[in-house]
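The file model_38.txt contains compact mmCIF, C-alpha atoms:
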# COMPACT_ATOMS: atom_id res chain seq x y z
CA MET A 10 105.34 147.60 131.50
CA LEU A 11 101.99 147.88 133.28
CA THR A 12 102.04 147.32 137.04
CA VAL A 13 99.35 145.40 138.91
CA ALA A 14 99.52 145.77 142.70
CA LEU A 15 98.19 143.28 145.23
CA ALA A 16 96.49 145.01 148.17
CA GLY A 17 94.67 143.62 151.18
CA LYS A 18 94.94 142.90 154.87
CA PRO A 19 97.58 140.48 156.16
CA ASN A 20 96.96 136.75 155.69
CA ALA A 21 94.37 137.19 152.94
CA GLY A 22 96.54 135.25 150.48
CA LYS A 23 98.35 138.03 148.61
CA SER A 24 101.75 136.32 148.76
CA THR A 25 100.25 133.00 147.65
CA PHE A 26 98.58 134.80 144.74
CA TYR A 27 101.91 136.46 143.92
CA THR A 28 103.82 133.17 144.08
CA ALA A 29 101.25 131.40 141.92
CA ALA A 30 101.18 134.20 139.34
CA THR A 31 104.96 134.63 139.10
CA MET A 32 106.31 131.26 140.31
CA ALA A 33 108.83 133.24 142.34
CA ASP A 34 110.00 132.14 145.78
CA VAL A 35 108.57 134.36 148.54
CA ASP A 36 107.64 133.82 152.17
CA VAL A 37 104.12 132.46 152.58
CA ALA A 38 102.92 131.86 156.13
CA ASN A 39 99.76 131.85 158.25
CA TYR A 40 100.53 134.98 160.27
CA PRO A 41 100.31 138.76 159.69
CA PHE A 42 103.07 140.72 157.95
CA THR A 43 104.82 137.75 156.35
CA THR A 44 105.73 140.24 153.63
CA ILE A 45 107.97 143.06 154.91
CA ASP A 46 109.78 144.25 151.80
CA ALA A 47 107.85 144.59 148.56
CA ASN A 48 108.09 141.73 146.08
CA ARG A 49 108.24 142.64 142.40
CA GLY A 50 107.97 140.06 139.67
CA VAL A 51 106.64 139.40 136.19
CA THR A 52 103.32 137.71 135.57
CA HIS A 53 101.15 137.59 132.44
CA VAL A 54 97.71 138.38 131.14
CA ARG A 55 96.24 135.86 128.72
CA THR A 56 94.64 136.41 125.34
CA GLU A 57 94.24 134.58 122.03
CA CYS A 58 97.35 134.69 119.87
CA PRO A 59 96.87 135.83 116.24
CA CYS A 60 98.76 132.70 115.17
CA LEU A 61 95.46 130.83 115.57
CA ASP A 62 94.51 132.41 112.23
CA ARG A 63 97.52 130.80 110.53
CA GLU A 64 98.22 127.22 109.60
CA GLU A 65 100.91 126.83 112.27
CA ARG A 66 101.36 128.17 115.78
CA CYS A 67 103.94 130.93 116.17
CA GLY A 68 106.25 129.06 118.51
CA ASP A 69 106.93 132.12 120.68
CA GLU A 70 107.90 131.30 124.26
CA ASN A 71 104.88 133.24 125.50
CA CYS A 72 102.44 131.34 123.27
CA ARG A 73 101.12 127.96 124.33
CA ASP A 74 99.21 126.48 121.41
CA GLY A 75 97.50 129.78 120.66
CA LYS A 76 97.18 130.97 124.27
CA ARG A 77 99.22 134.14 124.35
CA TYR A 78 100.69 135.36 127.63
CA VAL A 79 101.64 139.06 127.71
CA PRO A 80 103.98 140.20 130.52
CA VAL A 81 102.98 142.70 133.19
CA GLU A 82 104.65 143.59 136.49
CA LEU A 83 103.12 142.26 139.70
CA LEU A 84 103.73 144.02 143.02
CA ASP A 85 103.10 142.38 146.40
CA VAL A 86 103.69 144.50 149.49
CA ALA A 87 102.97 144.47 153.21
CA GLY A 88 99.36 143.99 154.25
CA LEU A 89 97.07 146.82 155.32
CA VAL A 90 95.35 147.10 158.68
CA PRO A 91 92.75 149.67 159.79
CA GLY A 92 94.53 152.97 160.36
CA ALA A 93 97.25 152.21 157.80
CA HIS A 94 97.03 155.75 156.40
CA GLU A 95 98.09 156.95 159.86
CA GLY A 96 101.10 154.64 159.84
CA LYS A 97 99.63 151.67 161.71
CA GLY A 98 101.06 148.27 160.85
CA LEU A 99 103.25 148.69 157.78
CA GLY A 100 100.68 150.95 156.14
CA ASN A 101 102.85 153.86 155.04
CA GLN A 102 105.35 151.48 153.47
CA PHE A 103 102.59 149.74 151.54
CA LEU A 104 100.86 152.90 150.43
CA ASP A 105 104.09 154.50 149.27
CA GLU A 106 104.82 151.43 147.14
CA LEU A 107 101.37 151.70 145.61
CA THR A 108 102.05 155.03 143.90
CA ASN A 109 103.49 153.42 140.76
CA ALA A 110 100.71 150.85 140.29
CA ASP A 111 98.31 151.18 137.37
CA VAL A 112 95.58 148.98 138.87
CA VAL A 113 94.98 147.26 142.20
CA CYS A 114 93.80 143.74 142.99
CA ASN A 115 92.31 143.83 146.48
CA VAL A 116 92.76 140.28 147.76
CA VAL A 117 90.16 139.49 150.42
CA ASP A 118 89.63 136.33 152.44
CA ALA A 119 86.21 135.26 151.15
CA SER A 120 86.05 132.51 153.77
CA GLY A 121 85.86 135.09 156.55
CA ALA A 122 88.50 133.17 158.49
CA THR A 123 90.77 136.14 159.29
CA ASN A 124 89.84 139.24 161.25
CA ALA A 125 90.54 142.87 160.33
CA GLU A 126 94.16 142.58 161.49
CA GLY A 127 94.71 139.32 159.56
CA GLU A 128 94.62 137.03 162.57
CA PRO A 129 92.99 133.57 162.14
CA VAL A 130 89.39 133.20 163.34
CA GLU A 131 86.61 130.69 162.68
CA VAL A 132 85.38 130.41 159.08
CA GLY A 133 82.62 132.95 158.53
CA ALA A 134 83.40 134.90 161.72
CA HIS A 135 84.58 137.98 159.79
CA ASP A 136 82.67 139.77 157.04
CA PRO A 137 84.92 139.98 153.93
CA LEU A 138 82.83 142.90 152.67
CA ASP A 139 84.44 144.98 155.42
CA ASP A 140 87.83 144.25 153.82
CA VAL A 141 86.65 145.59 150.47
CA ASP A 142 85.60 148.88 152.02
CA PHE A 143 88.52 149.44 154.37
CA VAL A 144 91.27 148.95 151.76
CA GLU A 145 89.70 151.55 149.50
CA GLU A 146 89.16 153.88 152.45
CA GLU A 147 92.78 153.58 153.58
CA MET A 148 94.02 154.34 150.07
CA ASP A 149 91.73 157.36 149.78
CA LEU A 150 92.59 158.81 153.19
CA TRP A 151 96.30 158.25 152.60
CA LEU A 152 96.16 160.26 149.37
CA ALA A 153 93.98 162.88 151.04
CA GLY A 154 96.71 163.28 153.64
CA ILE A 155 99.31 163.83 150.92
CA VAL A 156 97.12 166.44 149.24
CA ASP A 157 96.46 168.18 152.55
CA ARG A 158 100.12 168.30 153.57
CA ASN A 159 101.16 169.79 150.24
CA TRP A 160 98.23 172.12 149.62
CA GLU A 161 100.10 175.10 151.00
CA GLY A 162 102.29 174.96 147.90
CA VAL A 163 99.20 175.25 145.68
CA GLU A 164 98.02 178.22 147.74
CA ARG A 165 101.38 179.97 147.28
CA GLN A 166 101.27 179.42 143.53
CA SER A 167 97.77 180.94 143.42
CA ARG A 168 99.25 184.35 144.23
CA SER A 169 100.82 184.44 140.77
CA PRO A 170 98.78 186.29 138.11
CA ASP A 171 99.23 183.43 135.65
CA PHE A 172 98.19 180.76 138.16
CA ASP A 173 96.67 177.61 136.64
CA LEU A 174 94.89 175.34 139.14
CA GLU A 175 94.97 172.28 136.88
CA ALA A 176 98.71 172.64 136.35
CA ALA A 177 99.35 173.12 140.08
CA VAL A 178 97.26 170.09 141.07
CA THR A 179 98.87 168.02 138.33
CA ASP A 180 102.30 168.94 139.68
CA LEU A 181 101.15 167.94 143.17
CA LEU A 182 99.83 164.55 142.05
CA THR A 183 102.40 163.57 139.43
CA GLY A 184 104.16 161.33 141.91
CA PHE A 185 100.93 159.41 142.40
CA GLY A 186 100.68 158.63 138.71
CA ALA A 187 98.08 161.25 137.82
CA THR A 188 98.46 162.92 134.43
CA GLU A 189 97.26 166.35 133.37
CA HIS A 190 94.40 164.63 131.56
CA ASP A 191 93.41 162.81 134.78
CA VAL A 192 93.40 166.02 136.79
CA THR A 193 91.42 167.91 134.16
CA ALA A 194 88.78 165.17 133.98
CA VAL A 195 88.46 164.98 137.77
CA LEU A 196 88.22 168.74 138.31
CA ARG A 197 85.44 168.91 135.74
CA GLU A 198 83.32 166.51 137.78
CA LEU A 199 83.90 168.24 141.13
CA GLU A 200 82.52 171.43 142.66
CA TYR A 201 85.12 173.54 144.45
CA PRO A 202 86.07 177.19 145.19
CA ASP A 203 88.09 179.03 142.56
CA ASP A 204 90.55 180.20 145.22
CA PRO A 205 92.68 177.30 146.59
CA LYS A 206 92.88 179.13 149.94
CA ALA A 207 89.10 178.68 150.27
CA TRP A 208 89.23 174.90 149.82
CA SER A 209 88.00 172.93 152.84
CA ASP A 210 89.27 169.58 154.11
CA ASP A 211 86.26 167.98 152.42
CA ASP A 212 87.16 169.60 149.09
CA ARG A 213 90.67 168.18 149.25
CA GLU A 214 89.38 164.78 150.31
CA ASP A 215 86.89 164.74 147.42
CA LEU A 216 89.78 165.50 145.06
CA ALA A 217 91.88 162.69 146.52
CA ARG A 218 89.08 160.13 146.29
CA ALA A 219 88.28 161.04 142.69
CA ILE A 220 91.94 160.90 141.63
CA ARG A 221 92.41 157.53 143.34
CA ARG A 222 89.35 156.07 141.62
CA ARG A 223 90.60 157.25 138.25
CA THR A 224 94.28 156.31 138.58
CA LYS A 225 94.11 153.22 140.82
CA PRO A 226 90.95 151.26 139.91
CA ILE A 227 90.28 148.16 142.00
CA VAL A 228 89.40 144.53 141.27
CA VAL A 229 88.20 142.52 144.26
CA VAL A 230 89.76 139.05 144.39
CA ALA A 231 87.54 136.82 146.55
CA ASN A 232 90.33 134.47 147.57
CA LYS A 233 90.01 131.18 149.51
CA VAL A 234 86.69 130.70 147.76
CA ASP A 235 87.04 126.93 148.11
CA ALA A 236 86.65 127.39 151.89
CA ALA A 237 84.05 130.17 151.78
CA PRO A 238 80.52 129.75 153.14
CA GLU A 239 77.77 129.37 150.57
CA GLY A 240 76.68 132.71 149.12
CA ALA A 241 79.83 134.57 150.21
CA VAL A 242 80.82 135.59 146.67
CA ASP A 243 77.27 136.67 145.80
CA ARG A 244 77.21 138.85 148.91
CA LEU A 245 80.49 140.47 147.90
CA ARG A 246 79.15 141.19 144.44
CA GLU A 247 75.96 142.68 145.84
CA GLY A 248 77.87 144.84 148.30
CA THR A 249 80.31 146.57 145.94
CA ASP A 250 80.29 148.24 142.55
CA LYS A 251 83.71 146.78 141.72
CA PRO A 252 84.29 143.61 139.73
CA VAL A 253 84.57 140.58 142.04
CA VAL A 254 86.58 137.54 140.92
CA PRO A 255 86.29 134.32 142.97
CA ALA A 256 89.71 132.71 143.35
CA THR A 257 91.76 130.01 145.00
CA ALA A 258 95.38 131.12 144.92
CA ASP A 259 96.34 127.94 146.77
CA GLY A 260 94.72 125.90 144.00
CA GLU A 261 96.49 127.84 141.26
CA LEU A 262 99.85 127.44 142.98
CA ALA A 263 99.29 123.70 143.40
CA LEU A 264 98.39 123.30 139.73
CA ARG A 265 101.36 125.31 138.49
CA ARG A 266 103.73 123.26 140.60
CA ALA A 267 102.07 120.03 139.48
CA ALA A 268 102.34 121.14 135.85
CA GLU A 269 106.05 121.90 136.31
CA ALA A 270 106.48 118.39 137.73
CA GLY A 271 104.66 116.84 134.77
CA VAL A 272 101.82 115.60 136.94
CA VAL A 273 99.03 117.60 135.30
CA ASP A 274 98.39 119.19 131.94
CA TYR A 275 97.40 122.76 132.77
CA ASP A 276 97.96 126.23 131.39
CA PRO A 277 97.23 129.31 133.55
CA GLY A 278 93.68 130.44 132.91
CA ASP A 279 92.36 127.04 131.82
CA GLU A 280 88.99 126.12 133.27
CA GLY A 281 90.18 122.59 134.05
CA PHE A 282 93.16 120.23 133.94
CA ASP A 283 94.10 116.63 133.20
CA VAL A 284 96.12 114.39 135.47
CA VAL A 285 98.88 112.92 133.30
CA GLY A 286 101.37 111.61 135.88
CA GLU A 287 101.48 109.35 138.88
CA VAL A 288 99.93 110.81 142.02
CA SER A 289 99.29 109.50 145.51
CA GLU A 290 95.79 109.07 146.88
CA GLY A 291 96.22 112.22 148.96
CA GLN A 292 97.40 114.20 145.96
CA ARG A 293 94.48 112.92 143.90
CA LYS A 294 91.99 114.04 146.56
CA GLY A 295 93.62 117.44 146.67
CA LEU A 296 93.48 117.80 142.90
CA GLU A 297 89.84 116.74 142.82
CA ALA A 298 89.00 119.39 145.43
CA ILE A 299 90.65 121.99 143.20
CA ARG A 300 88.77 120.60 140.20
CA GLY A 301 85.48 121.06 142.04
CA ALA A 302 86.23 124.70 142.85
CA MET A 303 87.30 125.35 139.25
CA ALA A 304 84.12 123.77 137.90
CA GLU A 305 82.00 126.02 140.10
CA HIS A 306 83.86 129.24 139.30
CA GLY A 307 85.30 128.70 135.82
CA GLY A 308 88.92 128.24 136.90
CA THR A 309 91.11 129.18 139.84
CA GLY A 310 90.47 132.89 139.29
CA VAL A 311 94.10 134.03 139.40
CA GLN A 312 94.38 134.53 135.66
CA THR A 313 90.85 135.92 135.47
CA ALA A 314 91.70 138.54 138.10
CA LEU A 315 94.78 139.69 136.20
CA ASN A 316 92.87 139.81 132.91
CA THR A 317 90.01 141.72 134.52
CA ALA A 318 92.45 144.26 135.91
CA VAL A 319 94.28 144.88 132.64
CA TYR A 320 91.80 144.23 129.85
CA ASP A 321 88.62 145.38 131.59
CA LEU A 322 89.49 148.05 134.16
CA LEU A 323 92.47 149.51 132.29
CA ASP A 324 90.73 148.87 128.95
CA ARG A 325 93.84 147.59 127.17
CA ILE A 326 94.18 145.80 123.84
CA THR A 327 97.00 143.56 122.61
CA VAL A 328 98.71 144.48 119.35
CA TYR A 329 101.63 142.83 117.56
CA PRO A 330 104.24 144.80 115.55
CA VAL A 331 106.00 142.93 112.73
CA GLN A 332 108.52 143.83 110.04
CA ASP A 333 107.29 141.37 107.40
CA ALA A 334 103.56 141.85 106.87
CA SER A 335 103.15 138.65 104.86
CA LYS A 336 105.04 136.30 107.19
CA TRP A 337 104.25 138.16 110.45
CA THR A 338 107.91 138.06 111.43
CA ASP A 339 110.62 140.34 112.76
CA GLY A 340 113.96 140.92 111.04
CA THR A 341 115.33 137.54 112.07
CA GLY A 342 112.32 135.47 111.10
CA ASN A 343 110.62 135.11 114.49
CA VAL A 344 106.85 134.91 114.13
CA LEU A 345 104.89 137.39 116.27
CA PRO A 346 107.79 137.97 118.68
CA ASP A 347 106.37 141.03 120.45
CA ALA A 348 103.04 141.94 122.02
CA PHE A 349 102.15 145.38 123.37
CA LEU A 350 99.31 146.34 125.70
CA LEU A 351 97.92 149.68 124.49
CA PRO A 352 94.93 151.73 125.67
CA SER A 353 91.76 151.04 123.74
CA GLY A 354 91.42 153.60 120.96
CA SER A 355 95.15 153.66 120.20
CA THR A 356 96.24 154.39 116.63
CA PRO A 357 99.19 153.19 114.49
CA PRO A 358 101.33 156.20 115.53
CA ASP A 359 100.61 155.35 119.19
CA MET A 360 101.80 151.83 118.50
CA ALA A 361 104.93 153.15 116.81
CA TYR A 362 105.83 155.22 119.88
CA ALA A 363 105.20 152.20 122.10
CA VAL A 364 107.74 150.21 120.09
CA HIS A 365 110.36 152.98 120.28
CA THR A 366 110.35 156.77 120.44
CA ASP A 367 112.49 157.01 117.30
CA ILE A 368 110.05 154.77 115.41
CA GLY A 369 107.21 157.04 116.48
CA GLU A 370 108.98 160.25 115.54
CA GLY A 371 109.86 158.85 112.12
CA TYR A 372 106.41 157.34 111.50
CA LEU A 373 105.41 157.24 107.82
CA HIS A 374 102.54 154.77 107.56
CA ALA A 375 101.27 151.40 108.75
CA VAL A 376 100.06 148.19 107.13
CA ASP A 377 97.42 145.81 108.49
CA ALA A 378 99.21 142.46 108.16
CA ARG A 379 95.96 140.52 107.99
CA SER A 380 94.66 142.35 104.93
CA SER A 381 98.00 143.67 103.60
CA ARG A 382 96.33 147.07 103.30
CA ARG A 383 97.66 150.42 104.42
CA ILE A 384 95.76 151.93 107.35
CA GLY A 385 95.43 155.59 108.23
CA GLU A 386 96.92 157.46 111.15
CA ALA A 387 93.51 157.86 112.79
CA HIS A 388 92.62 154.18 112.46
CA GLU A 389 91.72 152.70 115.86
CA LEU A 390 93.53 149.46 116.52
CA SER A 391 91.70 146.39 117.83
CA GLU A 392 92.58 143.44 120.03
CA GLY A 393 94.85 141.04 118.16
CA ASP A 394 95.86 143.42 115.36
CA VAL A 395 99.12 142.56 113.58
CA VAL A 396 100.70 145.72 112.14
CA LYS A 397 103.78 146.64 110.15
CA ILE A 398 105.05 150.11 110.99
CA VAL A 399 106.99 151.94 108.28
CA SER A 400 109.27 154.62 109.72
CA THR A 401 112.26 156.67 108.67
CA ALA A 402 113.98 155.27 111.76
CA GLY A 403 113.81 151.79 110.29
CA PRO A 404 112.70 148.60 112.03
If you took the structure in this file and wrote it as structure tokens, what would it be?
Amino acid sequence: MLTVALAGKPNAGKSTFYTAATMADVDVANYPFTTIDANRGVTHVRTECPCLDREERCGDENCRDGKRYVPVELLDVAGLVPGAHEGKGLGNQFLDELTNADVVCNVVDASGATNAEGEPVEVGAHDPLDDVDFVEEEMDLWLAGIVDRNWEGVERQSRSPDFDLEAAVTDLLTGFGATEHDVTAVLRELEYPDDPKAWSDDDREDLARAIRRRTKPIVVVANKVDAAPEGAVDRLREGTDKPVVPATADGELALRRAAEAGVVDYDPGDEGFDVVGEVSEGQRKGLEAIRGAMAEHGGTGVQTALNTAVYDLLDRITVYPVQDASKWTDGTGNVLPDAFLLPSGSTPPDMAYAVHTDIGEGYLHAVDARSSRRIGEAHELSEGDVVKIVSTAGP
């Protein structure tokens, strides 16, 4: 399962985002380091379910009238403060947890109402653009420190006549989630000495920054947008090359709880909602404030941030394996029971391995369930494809 990590300084709203996205009970409070131990839960990205192309909806528990929710892991850990890579605050604990993440949502306080350490200040008193830069910098310097501390091992390996720099660096960075392909691609774009013993601190830092960019891409979540000064989101977008998603995690959490209580009709990712139950005047005013923020930004932003992280930055597609190509069912008659997030450009054999290693090893051919036609091994799958895999390993 893909892992999305929530990064950011304390009190930026990470835990509220996490609670809203997972509906799990965690501590949420208006003071730094509310989160001490990492929270791990399951959230979902949203896409259109293929059942929209059939006469009836599929009825799967992750499909809400054609809105398909595909599970991913969400990780919320202690907030970062300047100097985290040196161990300040709970920085080392956070950064160590980050190693297994596939993509990072940097949650910033767009209202500028918390300083660099996460302490409350007047709205607009702190520049949220500083929070975008410092989180990335802390991540880069932390990884640079790891590379630097372990570089002696690479230097020792270089004495061997069959030394391979790419293999040595891959071995060094495997724990950070870097693959051999990642290391090869990064080394091709960098200039560096052939002899590892001649590498400077800058060379190692350049390597760390490039690996981090490739293996831990960042989405900026401009949280608390409903309280942000005018133009704050535009300034964030102008000041960074990363995607910026305006969000109100508080608003999303309120809507999800109201939906659970039967007060509103709302699905995560909707651009609006309907009040369907009895509410007090205070509740109505609160809901209307959320409605105004959603109208301005196209929703609460929580679902958009997750989708941006997975579908845009990680470039994933959703595919659906079935056993019956005509009915789109599994062996027990469930319609479209499974959804897999695969890298764009994946082929039917890739899909087979994603379902199960044995299915992949026994792969024979695949059938496009929409057209009932066999597709080749080199065929690139697309978002929403429904595919029957034929394998010697069986269903």
Smallest atom-to-atom distance to Asn232 in chain A: which of A:Arg73, A:His306, A:His374, A:Arg379, using only C-alpha atoms? A:His306
Please identify all polymer residues within 12 Å of Arg168 in chain A, counting all atoms listed in the file, omitting same-chain residues fewer than 6 positions from it, and present them as a ChimeraX atom specification. /A:161-162,174,177,204-206
Check the smallest atom-to-atom distance from each of A:Val54, A:Ile398, A:Asp333, A:Pro226 to Gln312 in chain A using all atoms listed in the file, then report the winner.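 Under the stated criterion, the closest residue is A:Val54.
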Pick the closest to Met360 in chain A from A:Asp180, A:Glu269, A:Glu297, A:Glu386: which is it, counting all atoms listed in the file? A:Glu386
Name the closest residue to Ala363 in chain A among the candidates A:Glu280, A:Lys76, A:Met10, A:Ala153; distances are taken between atoms, counting all atoms listed in the file.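 Of the candidates, the smallest distance to Ala363 in chain A is held by A:Met10.
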